[in-house]
>>> print(open('protein-v3.txt').read())   # compact mmCIF, C-alpha atoms
# COMPACT_ATOMS: atom_id res chain seq x y z
CA MET A 1 33.95 -6.06 -154.99
CA LEU A 2 36.00 -2.93 -155.64
CA SER A 3 33.79 -1.41 -158.31
CA HIS A 4 32.57 1.79 -156.72
CA GLY A 5 31.93 4.96 -158.67
CA PHE A 6 33.87 8.08 -157.74
CA LYS A 7 31.27 10.80 -158.19
CA SER A 8 31.76 13.48 -155.56
CA SER A 9 28.69 14.68 -153.68
CA LYS A 10 27.57 16.49 -150.56
CA GLN A 11 24.07 16.37 -149.14
CA ASP A 12 22.55 18.22 -146.19
CA TYR A 13 19.26 17.40 -144.53
CA VAL A 14 17.74 19.34 -141.61
CA PHE A 15 15.78 17.35 -139.04
CA GLY A 16 14.49 19.70 -136.31
CA PRO A 17 17.56 21.09 -134.51
CA TRP A 18 19.80 18.50 -136.23
CA LYS A 19 21.62 18.73 -139.54
CA VAL A 20 22.68 15.56 -141.33
CA THR A 21 25.65 16.01 -143.68
CA SER A 22 26.76 13.27 -146.05
CA THR A 23 30.00 13.87 -147.98
CA LYS A 24 31.40 11.52 -150.62
CA ASN A 25 34.63 12.17 -152.46
CA HIS A 26 37.32 10.45 -154.50
CA ILE A 27 39.57 7.74 -153.16
CA MET A 28 42.70 9.11 -151.42
CA ARG A 29 45.74 9.48 -153.63
CA SER A 30 48.53 6.96 -153.06
CA LYS A 31 51.01 9.58 -151.84
CA ASP A 32 48.48 10.82 -149.26
CA ILE A 33 47.83 7.24 -148.14
CA GLU A 34 51.58 6.64 -147.77
CA ARG A 35 51.96 9.76 -145.66
CA LEU A 36 49.00 8.82 -143.48
CA ALA A 37 50.35 5.27 -143.02
CA GLU A 38 53.63 6.75 -141.82
CA GLU A 39 51.83 9.05 -139.37
CA MET A 40 49.82 6.10 -138.05
CA ASN A 41 52.91 3.86 -137.86
CA MET A 42 51.31 1.20 -140.06
CA PRO A 43 53.06 -0.61 -142.95
CA SER A 44 50.04 -0.14 -145.20
CA LEU A 45 46.46 1.10 -145.27
CA PRO A 46 43.34 -0.19 -147.12
CA GLU A 47 43.68 -0.07 -150.90
CA MET A 48 40.45 1.91 -151.18
CA LEU A 49 40.50 4.62 -148.54
CA PHE A 50 37.95 7.44 -148.74
CA GLY A 51 39.59 9.93 -146.41
CA GLU A 52 37.11 12.73 -147.14
CA ASN A 53 33.95 10.64 -146.87
CA ILE A 54 31.98 11.68 -143.80
CA LEU A 55 28.56 11.19 -142.30
CA ARG A 56 27.86 13.83 -139.66
CA VAL A 57 24.81 14.42 -137.46
CA GLN A 58 25.19 17.74 -135.67
CA HIS A 59 22.92 19.75 -133.38
CA VAL A 60 22.57 23.52 -133.83
CA ASP A 61 24.40 23.89 -130.48
CA GLY A 62 27.48 22.21 -131.96
CA TYR A 63 27.44 18.74 -130.41
CA GLY A 64 26.77 15.57 -132.37
CA ILE A 65 28.42 12.49 -133.84
CA GLU A 66 30.25 11.82 -137.08
CA PHE A 67 31.73 8.83 -138.87
CA ASN A 68 34.93 9.06 -140.91
CA ALA A 69 37.59 6.71 -142.26
CA ILE A 70 40.63 8.24 -140.56
CA ASP A 71 39.19 7.91 -137.05
CA ALA A 72 38.05 4.36 -137.89
CA LEU A 73 41.63 3.45 -138.86
CA LYS A 74 42.97 4.96 -135.63
CA LYS A 75 41.16 2.13 -133.83
CA VAL A 76 43.08 -0.50 -135.81
CA SER A 77 45.95 -2.06 -133.88
CA ASN A 78 49.42 -1.19 -135.20
CA MET A 79 50.96 -3.69 -132.79
CA GLU A 80 51.10 -7.47 -133.02
CA ASP A 81 47.92 -9.05 -131.74
CA THR A 82 47.98 -12.72 -130.73
CA VAL A 83 44.40 -13.32 -131.87
CA LYS A 84 45.10 -11.77 -135.26
CA VAL A 85 48.40 -13.62 -135.62
CA ALA A 86 46.76 -16.94 -134.82
CA CYS A 87 44.19 -16.15 -137.49
CA ALA A 88 46.97 -15.14 -139.89
CA GLN A 89 48.80 -18.42 -139.33
CA GLU A 90 45.62 -20.37 -140.07
CA TRP A 91 45.10 -18.21 -143.15
CA GLN A 92 48.70 -18.83 -144.18
CA GLU A 93 48.27 -22.59 -143.93
CA SER A 94 45.12 -22.45 -146.06
CA ARG A 95 47.02 -20.46 -148.70
CA ALA A 96 50.32 -22.37 -148.70
CA GLU A 97 50.81 -21.79 -152.42
CA SER A 98 50.15 -18.06 -152.20
CA GLU A 99 53.10 -15.79 -152.81
CA HIS A 100 51.66 -13.23 -150.40
CA SER A 101 50.91 -15.71 -147.61
CA LYS A 102 54.47 -15.62 -146.30
CA GLU A 103 54.11 -11.90 -145.64
CA VAL A 104 50.89 -12.10 -143.63
CA VAL A 105 52.22 -12.27 -140.07
CA ARG A 106 53.40 -8.70 -139.44
CA PRO A 107 53.46 -6.35 -136.47
CA TYR A 108 50.09 -4.78 -137.26
CA ASP A 109 46.53 -5.89 -137.84
CA TRP A 110 46.54 -6.77 -141.54
CA THR A 111 42.74 -7.22 -141.52
CA TYR A 112 42.13 -3.57 -140.50
CA THR A 113 39.68 -4.74 -137.84
CA THR A 114 38.25 -1.72 -136.03
CA ASP A 115 35.80 -1.30 -133.15
CA TYR A 116 35.20 2.35 -134.10
CA ARG A 117 31.84 3.61 -132.84
CA GLY A 118 31.84 7.13 -134.24
CA THR A 119 33.46 10.41 -133.24
CA LEU A 120 31.64 12.63 -130.75
CA LEU A 121 31.53 16.32 -131.65
CA GLY A 122 31.40 19.43 -129.49
CA GLU A 123 33.97 21.40 -127.56
CA GLY A 124 32.16 23.55 -125.01
CA THR A 125 29.06 21.33 -124.98
CA GLN A 126 29.98 17.67 -124.58
CA ILE A 127 27.80 14.61 -124.97
CA LYS A 128 28.00 12.42 -121.87
CA VAL A 129 28.38 8.67 -122.44
CA ALA A 130 26.77 6.34 -119.88
CA GLU A 131 26.02 2.62 -119.76
CA THR A 132 22.36 1.73 -120.06
CA THR A 133 20.02 -1.24 -120.08
CA GLU A 134 17.71 0.51 -122.53
CA ARG A 135 17.80 -1.02 -126.00
CA ILE A 136 17.01 0.28 -129.46
CA ASN A 137 13.53 -0.89 -130.39
CA LEU A 138 14.28 -2.73 -133.63
CA ASP A 139 10.63 -3.75 -134.07
CA LYS A 140 9.71 -0.08 -134.14
CA LEU A 141 12.35 0.47 -136.80
CA LYS A 142 10.86 -2.31 -138.91
CA ALA A 143 7.51 -0.51 -139.00
CA ARG A 144 6.73 1.10 -142.35
CA GLU A 145 7.53 4.74 -141.80
CA HIS A 146 8.22 7.34 -144.46
CA ILE A 147 11.95 7.78 -145.04
CA MET A 148 12.71 11.48 -145.40
CA PHE A 149 16.43 11.02 -146.05
CA PHE A 150 18.74 8.07 -146.68
CA ASP A 151 22.39 7.66 -147.58
CA ASP A 152 25.12 5.02 -147.54
CA VAL A 153 28.76 6.14 -147.21
CA LEU A 154 31.75 3.83 -147.77
CA LEU A 155 34.75 4.68 -145.59
CA PHE A 156 37.29 2.06 -146.64
CA GLU A 157 37.60 -1.32 -148.33
CA ASP A 158 40.42 -3.80 -148.93
CA GLU A 159 40.38 -7.21 -150.64
CA LEU A 160 43.20 -8.63 -148.47
CA HIS A 161 45.19 -9.52 -151.59
CA ASP A 162 42.22 -11.37 -153.13
CA HIS A 163 41.72 -13.57 -150.07
CA GLY A 164 38.66 -11.89 -148.61
CA VAL A 165 37.40 -8.43 -147.81
CA SER A 166 37.65 -5.85 -145.04
CA MET A 167 35.30 -2.90 -145.29
CA ILE A 168 33.46 -0.33 -143.22
CA SER A 169 30.50 1.77 -144.29
CA VAL A 170 27.81 3.83 -142.60
CA LYS A 171 24.12 4.24 -143.45
CA ILE A 172 21.56 6.70 -142.15
CA ARG A 173 17.84 6.99 -142.50
CA VAL A 174 15.77 9.86 -141.18
CA MET A 175 12.08 9.30 -140.45
CA PRO A 176 9.48 11.91 -139.43
CA THR A 177 10.16 11.41 -135.69
CA SER A 178 13.59 9.77 -135.48
CA PHE A 179 16.89 8.95 -137.15
CA PHE A 180 18.83 5.69 -137.25
CA VAL A 181 22.49 5.13 -138.11
CA LEU A 182 24.21 1.79 -138.81
CA LEU A 183 28.00 1.71 -138.98
CA ARG A 184 29.15 -1.74 -140.10
CA PHE A 185 32.65 -3.23 -140.24
CA PHE A 186 32.64 -6.47 -142.25
CA LEU A 187 35.58 -8.87 -142.41
CA ARG A 188 35.78 -12.09 -144.38
CA VAL A 189 39.07 -14.00 -144.52
CA ASP A 190 38.49 -16.82 -147.01
CA GLY A 191 38.70 -20.22 -145.38
CA VAL A 192 39.17 -18.76 -141.91
CA LEU A 193 36.44 -16.51 -140.46
CA ILE A 194 33.74 -13.89 -140.89
CA LYS A 195 33.34 -11.03 -138.43
CA ILE A 196 30.95 -8.10 -138.18
CA ASN A 197 31.21 -5.13 -135.83
CA ASP A 198 28.00 -3.10 -135.83
CA THR A 199 27.36 0.27 -134.23
CA ARG A 200 23.74 1.41 -134.17
CA VAL A 201 22.73 4.92 -133.13
CA TYR A 202 19.09 5.88 -132.64
CA HIS A 203 17.46 9.14 -131.61
CA GLU A 204 13.80 10.02 -131.19
CA ALA A 205 12.83 13.66 -131.65
CA GLY A 206 12.26 15.42 -128.34
CA LYS A 207 14.33 13.03 -126.22
CA ASP A 208 17.47 14.31 -124.50
CA TYR A 209 19.66 11.34 -125.47
CA MET A 210 20.67 8.99 -128.26
CA LEU A 211 21.07 5.24 -127.85
CA ARG A 212 24.22 3.59 -129.14
CA GLU A 213 24.63 -0.17 -129.39
CA PHE A 214 27.88 -1.87 -130.35
CA SER A 215 27.98 -5.57 -131.19
CA THR A 216 30.55 -8.08 -132.41
CA ARG A 217 29.53 -11.23 -134.27
CA GLU A 218 32.10 -13.76 -135.43
CA SER A 219 32.23 -17.34 -136.67
CA LYS A 220 34.88 -19.53 -138.25
CA ILE A 221 34.15 -20.58 -141.81
CA ALA A 222 34.10 -24.22 -140.63
CA GLU A 223 31.13 -23.34 -138.41
CA LEU A 224 29.27 -21.96 -141.42
CA LYS A 225 29.74 -24.99 -143.69
CA ASN A 226 25.97 -25.44 -144.09
CA LEU A 227 25.59 -21.85 -145.28
CA PRO A 228 25.80 -21.39 -149.09
CA SER A 229 29.01 -19.59 -150.05
CA ALA A 230 27.00 -16.91 -151.87
CA LEU A 231 25.43 -15.87 -148.55
CA GLN A 232 28.84 -15.73 -146.87
CA THR A 233 29.84 -12.78 -149.06
CA ASP A 234 26.73 -10.74 -148.20
CA PRO A 235 26.99 -8.96 -144.81
CA ASN A 236 23.22 -8.52 -144.56
CA GLU A 237 22.58 -12.22 -145.12
CA VAL A 238 25.42 -13.71 -143.10
CA ALA A 239 25.07 -11.48 -140.01
CA GLN A 240 22.18 -13.48 -138.54
CA HIS A 241 24.22 -16.71 -138.78
CA LEU A 242 27.28 -15.43 -136.89
CA THR A 243 27.85 -16.04 -133.17
CA LEU A 244 27.23 -12.99 -130.98
CA LYS A 245 30.43 -12.35 -129.01
CA LEU A 246 29.79 -8.94 -127.46
CA ILE A 247 27.10 -6.31 -127.09
CA GLU A 248 27.44 -2.97 -125.30
CA CYS A 249 24.64 -0.45 -124.89
CA GLU A 250 25.23 3.22 -124.16
CA LYS A 251 23.13 6.30 -123.64
CA LEU A 252 24.60 9.41 -125.27
CA GLU A 253 23.17 12.10 -123.03
CA LEU A 254 22.77 15.43 -124.81
CA PRO A 255 23.91 18.65 -123.10
CA LYS A 256 21.18 20.71 -121.49
CA THR A 257 20.40 23.76 -123.60
CA VAL A 258 21.08 27.03 -121.82
CA GLN A 259 18.08 29.29 -122.09
>>> encode(input="protein-v3.txt", output="structure tokens")
Amino acid sequence: MLSHGFKSSKQDYVFGPWKVTSTKNHIMRSKDIERLAEEMNMPSLPEMLFGENILRVQHVDGYGIEFNAIDALKKVSNMEDTVKVACAQEWQESRAESEHSKEVVRPYDWTYTTDYRGTLLGEGTQIKVAETTERINLDKLKAREHIMFFDDVLLFEDELHDHGVSMISVKIRVMPTSFFVLLRFFLRVDGVLIKINDTRVYHEAGKDYMLREFSTRESKIAELKNLPSALQTDPNEVAQHLTLKLIECEKLELPKTVQ
């Protein structure tokens, strides 16, 4: 799983008053990771942490939203969590012969589970977040529309000592009249569970808001026994088979432009 190239790149794409910036850089050095772990009061951080990888969508007036690994990790619990510990104990039992299994139950979330939904930008001009019943029209997104810009940025990944995977990445596609972002956290603990936290952000040109939908899907491996194991390792394939646990819809209201 951990076979990603390390070619650095930065891409900019202008979409009306918006600028999309995609930055990809090398994995963080171990000494920088150690220092960051200390600052965040966590015993360890993901083995592949791309601290300089960023996807940013910013308006000419300064406001916008970005996705980065450090802010995603800030949403990981550094305290003992009963749900995570229960999962860890189950994992430990399934790996009784594993040397590492005895170390699993620790006072932090060893799966790096995060409900990060992006970082809002703007100091003087703030985006207002409000609950909404309006949903992203996924059927409209499925329509064949020319893709002007696309990128996929990995923020972090960890193989949980060869007993699964924890990773978060963000994709964007810009069409002639809209842009769509999917931030996906994918967790698979072998023999225990699969979980996906998705954040979708959608904006149509000319509208004074973005829609943001956050969802959590999770199932125990035992509940997926009829699903071929090959599909269980593919987030795109397994997502539709997981139980929906939570969905929250928000309207990100853009500041009124001062004339």
>>> atom_distance(input="protein-v3.txt", atom1="atom CA of A:Leu73", atom2="atom CA of A:Val165")
15.5 Å
>>> closest_residue(input="protein-v3.txt", among="A:Ile168, A:Leu187, A:Leu121, A:Met28", to="A:Tyr63", atoms="only C-alpha atoms")
A:Leu121
>>> closest_atom_pairs(input="protein-v3.txt", of="stretch 6-65 of chain A", to="stretch 195-219 of chain A", cutoff="10 Å", atoms="only C-alpha atoms", output="JSON lines")
{"residue": "A:Phe15", "atom": "CA", "partner": "A:Ala205", "partner_atom": "CA", "distance": 8.8}
{"residue": "A:Gly16", "atom": "CA", "partner": "A:Ala205", "partner_atom": "CA", "distance": 7.8}
{"residue": "A:Pro17", "atom": "CA", "partner": "A:Ala205", "partner_atom": "CA", "distance": 9.3}
{"residue": "A:Trp18", "atom": "CA", "partner": "A:Ala205", "partner_atom": "CA", "distance": 9.6}
{"residue": "A:Gly64", "atom": "CA", "partner": "A:Met210", "partner_atom": "CA", "distance": 9.9}
{"residue": "A:Ile65", "atom": "CA", "partner": "A:Val201", "partner_atom": "CA", "distance": 9.5}
>>> atom_distance(input="protein-v3.txt", atom1="atom CA of A:Val14", atom2="atom CA of A:Ile54")
16.3 Å
>>> closest_residue(input="protein-v3.txt", among="A:Ser169, A:Gln58, A:Ser9, A:Ser22", to="A:Thr119", atoms="only C-alpha atoms")
A:Gln58
>>> closest_atom_pairs(input="protein-v3.txt", of="stretch 113-191 of chain A", to="stretch 229-242 of chain A", cutoff="12 Å", atoms="all atoms listed in the file", output="tab-separated table")
residue	atom	partner	partner_atom	distance
A:His163	CA	A:Thr233	CA	11.9
A:Gly164	CA	A:Thr233	CA	8.9
A:Val165	CA	A:Thr233	CA	8.8
A:Ser166	CA	A:Pro235	CA	11.1
A:Met167	CA	A:Pro235	CA	10.3
A:Ile168	CA	A:Pro235	CA	10.9
A:Ser169	CA	A:Pro235	CA	11.3
A:Leu182	CA	A:Asn236	CA	11.8
A:Arg184	CA	A:Pro235	CA	8.9
A:Phe185	CA	A:Pro235	CA	9.3
A:Phe186	CA	A:Pro235	CA	6.7
A:Leu187	CA	A:Pro235	CA	8.9
A:Arg188	CA	A:Thr233	CA	7.6
A:Val189	CA	A:Thr233	CA	10.4
A:Asp190	CA	A:Gln232	CA	9.7
A:Gly191	CA	A:Ser229	CA	10.8
>>> write_last_selection(input="protein-v3.txt", atoms="C-alpha atoms", output="short mmCIF file (atom, residue, chain, number, x, y, z; two decimals), in the frame of the given file")
data_model
loop_
_atom_site.label_atom_id
_atom_site.label_comp_id
_atom_site.auth_asym_id
_atom_site.auth_seq_id
_atom_site.Cartn_x
_atom_site.Cartn_y
_atom_site.Cartn_z
CA HIS A 163 41.72 -13.57 -150.07
CA GLY A 164 38.66 -11.89 -148.61
CA VAL A 165 37.40 -8.43 -147.81
CA SER A 166 37.65 -5.85 -145.04
CA MET A 167 35.30 -2.90 -145.29
CA ILE A 168 33.46 -0.33 -143.22
CA SER A 169 30.50 1.77 -144.29
CA LEU A 182 24.21 1.79 -138.81
CA ARG A 184 29.15 -1.74 -140.10
CA PHE A 185 32.65 -3.23 -140.24
CA PHE A 186 32.64 -6.47 -142.25
CA LEU A 187 35.58 -8.87 -142.41
CA ARG A 188 35.78 -12.09 -144.38
CA VAL A 189 39.07 -14.00 -144.52
CA ASP A 190 38.49 -16.82 -147.01
CA GLY A 191 38.70 -20.22 -145.38
#
>>> closest_residue(input="protein-v3.txt", among="A:Arg173, A:Lys10, A:Lys256, A:Lys140", to="A:Asp152", atoms="only C-alpha atoms")
A:Arg173
>>> closest_residue(input="protein-v3.txt", among="A:Lys171, A:Glu145, A:Glu248, A:Asp61", to="A:Gly124", atoms="only C-alpha atoms")
A:Asp61
>>> closest_residue(input="protein-v3.txt", among="A:Thr111, A:Leu36, A:Leu183, A:Ile70", to="A:Leu160", atoms="all atoms listed in the file")
A:Thr111
>>> atom_distance(input="protein-v3.txt", atom1="atom CA of A:Lys24", atom2="atom CA of A:Asp151")
10.3 Å
>>> closest_residue(input="protein-v3.txt", among="A:Leu120, A:Met148, A:Met175, A:Val192", to="A:Arg56", atoms="all atoms listed in the file")
A:Leu120
>>> residues_around(input="protein-v3.txt", residues="stretch 37-47 of chain A", least_positions_apart="3", cutoff="12 Å", atoms="all atoms listed in the file", output="MDAnalysis selection string")
chainID A and resid 2 27:34 50:51 69:80 103:104 106:113 155:162 165:168
>>> residues_around(input="protein-v3.txt", residues="A:Pro255", least_positions_apart="4", cutoff="7 Å", atoms="all atoms listed in the file", output="compact mmCIF listing (two decimals) with C-alpha atoms, in the frame of the given file")
# COMPACT_ATOMS: atom_id res chain seq x y z
CA THR A 125 29.06 21.33 -124.98
CA GLN A 126 29.98 17.67 -124.58
CA ILE A 127 27.80 14.61 -124.97
>>> decode(input="protein-v3.txt", residues="stretch 155-166 of chain A", atoms="all heavy atoms", output="mmCIF file, in the first residue's frame")
data_model
loop_
_atom_site.group_PDB
_atom_site.id
_atom_site.type_symbol
_atom_site.label_atom_id
_atom_site.label_comp_id
_atom_site.auth_asym_id
_atom_site.auth_seq_id
_atom_site.Cartn_x
_atom_site.Cartn_y
_atom_site.Cartn_z
ATOM 1 N N LEU A 155 -2.726 12.932 2.212
ATOM 2 C CA LEU A 155 -2.304 13.700 3.382
ATOM 3 C C LEU A 155 -1.529 12.830 4.372
ATOM 4 O O LEU A 155 -0.491 13.240 4.868
ATOM 5 C CB LEU A 155 -3.518 14.347 4.055
ATOM 6 C CG LEU A 155 -4.323 15.305 3.160
ATOM 7 C CD1 LEU A 155 -5.481 15.916 3.939
ATOM 8 C CD2 LEU A 155 -3.441 16.402 2.567
ATOM 9 N N PHE A 156 -2.049 11.653 4.694
ATOM 10 C CA PHE A 156 -1.252 10.721 5.494
ATOM 11 C C PHE A 156 -1.735 9.294 5.282
ATOM 12 O O PHE A 156 -2.848 9.051 4.815
ATOM 13 C CB PHE A 156 -1.212 11.087 6.986
ATOM 14 C CG PHE A 156 -2.491 10.903 7.779
ATOM 15 C CD1 PHE A 156 -2.993 9.640 8.069
ATOM 16 C CD2 PHE A 156 -3.159 12.013 8.304
ATOM 17 C CE1 PHE A 156 -4.146 9.471 8.825
ATOM 18 C CE2 PHE A 156 -4.317 11.858 9.067
ATOM 19 C CZ PHE A 156 -4.813 10.580 9.323
ATOM 20 N N GLU A 157 -0.849 8.344 5.636
ATOM 21 C CA GLU A 157 -1.188 6.929 5.531
ATOM 22 C C GLU A 157 -0.348 6.139 6.529
ATOM 23 O O GLU A 157 0.820 6.444 6.763
ATOM 24 C CB GLU A 157 -0.934 6.413 4.116
ATOM 25 C CG GLU A 157 -1.317 4.954 3.919
ATOM 26 C CD GLU A 157 -1.293 4.528 2.456
ATOM 27 O OE1 GLU A 157 -1.137 5.402 1.581
ATOM 28 O OE2 GLU A 157 -1.436 3.315 2.206
ATOM 29 N N ASP A 158 -0.972 5.124 7.118
ATOM 30 C CA ASP A 158 -0.275 4.262 8.080
ATOM 31 C C ASP A 158 -0.828 2.846 7.936
ATOM 32 O O ASP A 158 -2.040 2.667 7.775
ATOM 33 C CB ASP A 158 -0.502 4.768 9.506
ATOM 34 C CG ASP A 158 0.375 4.061 10.526
ATOM 35 O OD1 ASP A 158 0.011 2.946 10.962
ATOM 36 O OD2 ASP A 158 1.422 4.613 10.893
ATOM 37 N N GLU A 159 0.046 1.850 7.989
ATOM 38 C CA GLU A 159 -0.394 0.461 7.818
ATOM 39 C C GLU A 159 -0.698 -0.237 9.139
ATOM 40 O O GLU A 159 -0.888 -1.457 9.158
ATOM 41 C CB GLU A 159 0.650 -0.322 7.019
ATOM 42 C CG GLU A 159 0.644 0.043 5.547
ATOM 43 C CD GLU A 159 1.442 -0.928 4.690
ATOM 44 O OE1 GLU A 159 2.390 -1.541 5.226
ATOM 45 O OE2 GLU A 159 1.112 -1.063 3.511
ATOM 46 N N LEU A 160 -0.763 0.521 10.242
ATOM 47 C CA LEU A 160 -1.132 -0.047 11.543
ATOM 48 C C LEU A 160 -0.329 -1.316 11.842
ATOM 49 O O LEU A 160 -0.883 -2.345 12.221
ATOM 50 C CB LEU A 160 -2.646 -0.340 11.595
ATOM 51 C CG LEU A 160 -3.576 0.830 11.242
ATOM 52 C CD1 LEU A 160 -5.026 0.390 11.292
ATOM 53 C CD2 LEU A 160 -3.344 2.016 12.161
ATOM 54 N N HIS A 161 0.967 -1.206 11.629
ATOM 55 C CA HIS A 161 1.883 -2.334 11.859
ATOM 56 C C HIS A 161 1.448 -3.589 11.105
ATOM 57 O O HIS A 161 1.378 -4.688 11.670
ATOM 58 C CB HIS A 161 2.040 -2.614 13.359
ATOM 59 C CG HIS A 161 2.774 -1.519 14.082
ATOM 60 N ND1 HIS A 161 4.099 -1.599 14.402
ATOM 61 C CD2 HIS A 161 2.347 -0.306 14.516
ATOM 62 C CE1 HIS A 161 4.475 -0.481 15.005
ATOM 63 N NE2 HIS A 161 3.430 0.311 15.088
ATOM 64 N N ASP A 162 1.123 -3.379 9.809
ATOM 65 C CA ASP A 162 0.751 -4.477 8.908
ATOM 66 C C ASP A 162 -0.556 -5.166 9.284
ATOM 67 O O ASP A 162 -0.786 -6.321 8.906
ATOM 68 C CB ASP A 162 1.874 -5.522 8.811
ATOM 69 C CG ASP A 162 3.119 -4.962 8.164
ATOM 70 O OD1 ASP A 162 2.973 -4.129 7.248
ATOM 71 O OD2 ASP A 162 4.232 -5.335 8.579
ATOM 72 N N HIS A 163 -1.414 -4.489 10.009
ATOM 73 C CA HIS A 163 -2.705 -5.083 10.381
ATOM 74 C C HIS A 163 -3.872 -4.258 9.866
ATOM 75 O O HIS A 163 -4.960 -4.270 10.438
ATOM 76 C CB HIS A 163 -2.790 -5.251 11.895
ATOM 77 C CG HIS A 163 -1.794 -6.247 12.415
ATOM 78 N ND1 HIS A 163 -1.780 -7.554 12.013
ATOM 79 C CD2 HIS A 163 -0.764 -6.105 13.279
ATOM 80 C CE1 HIS A 163 -0.792 -8.187 12.625
ATOM 81 N NE2 HIS A 163 -0.166 -7.331 13.392
ATOM 82 N N GLY A 164 -3.640 -3.527 8.772
ATOM 83 C CA GLY A 164 -4.712 -2.737 8.192
ATOM 84 C C GLY A 164 -4.172 -1.494 7.537
ATOM 85 O O GLY A 164 -3.007 -1.452 7.121
ATOM 86 N N VAL A 165 -5.001 -0.478 7.465
ATOM 87 C CA VAL A 165 -4.564 0.795 6.893
ATOM 88 C C VAL A 165 -5.420 1.923 7.449
ATOM 89 O O VAL A 165 -6.602 1.746 7.737
ATOM 90 C CB VAL A 165 -4.647 0.775 5.344
ATOM 91 C CG1 VAL A 165 -6.102 0.694 4.877
ATOM 92 C CG2 VAL A 165 -3.971 1.995 4.729
ATOM 93 N N SER A 166 -4.792 3.069 7.637
ATOM 94 C CA SER A 166 -5.473 4.305 8.011
ATOM 95 C C SER A 166 -4.932 5.369 7.079
ATOM 96 O O SER A 166 -3.717 5.596 7.026
ATOM 97 C CB SER A 166 -5.161 4.660 9.472
ATOM 98 O OG SER A 166 -5.645 5.957 9.781
#
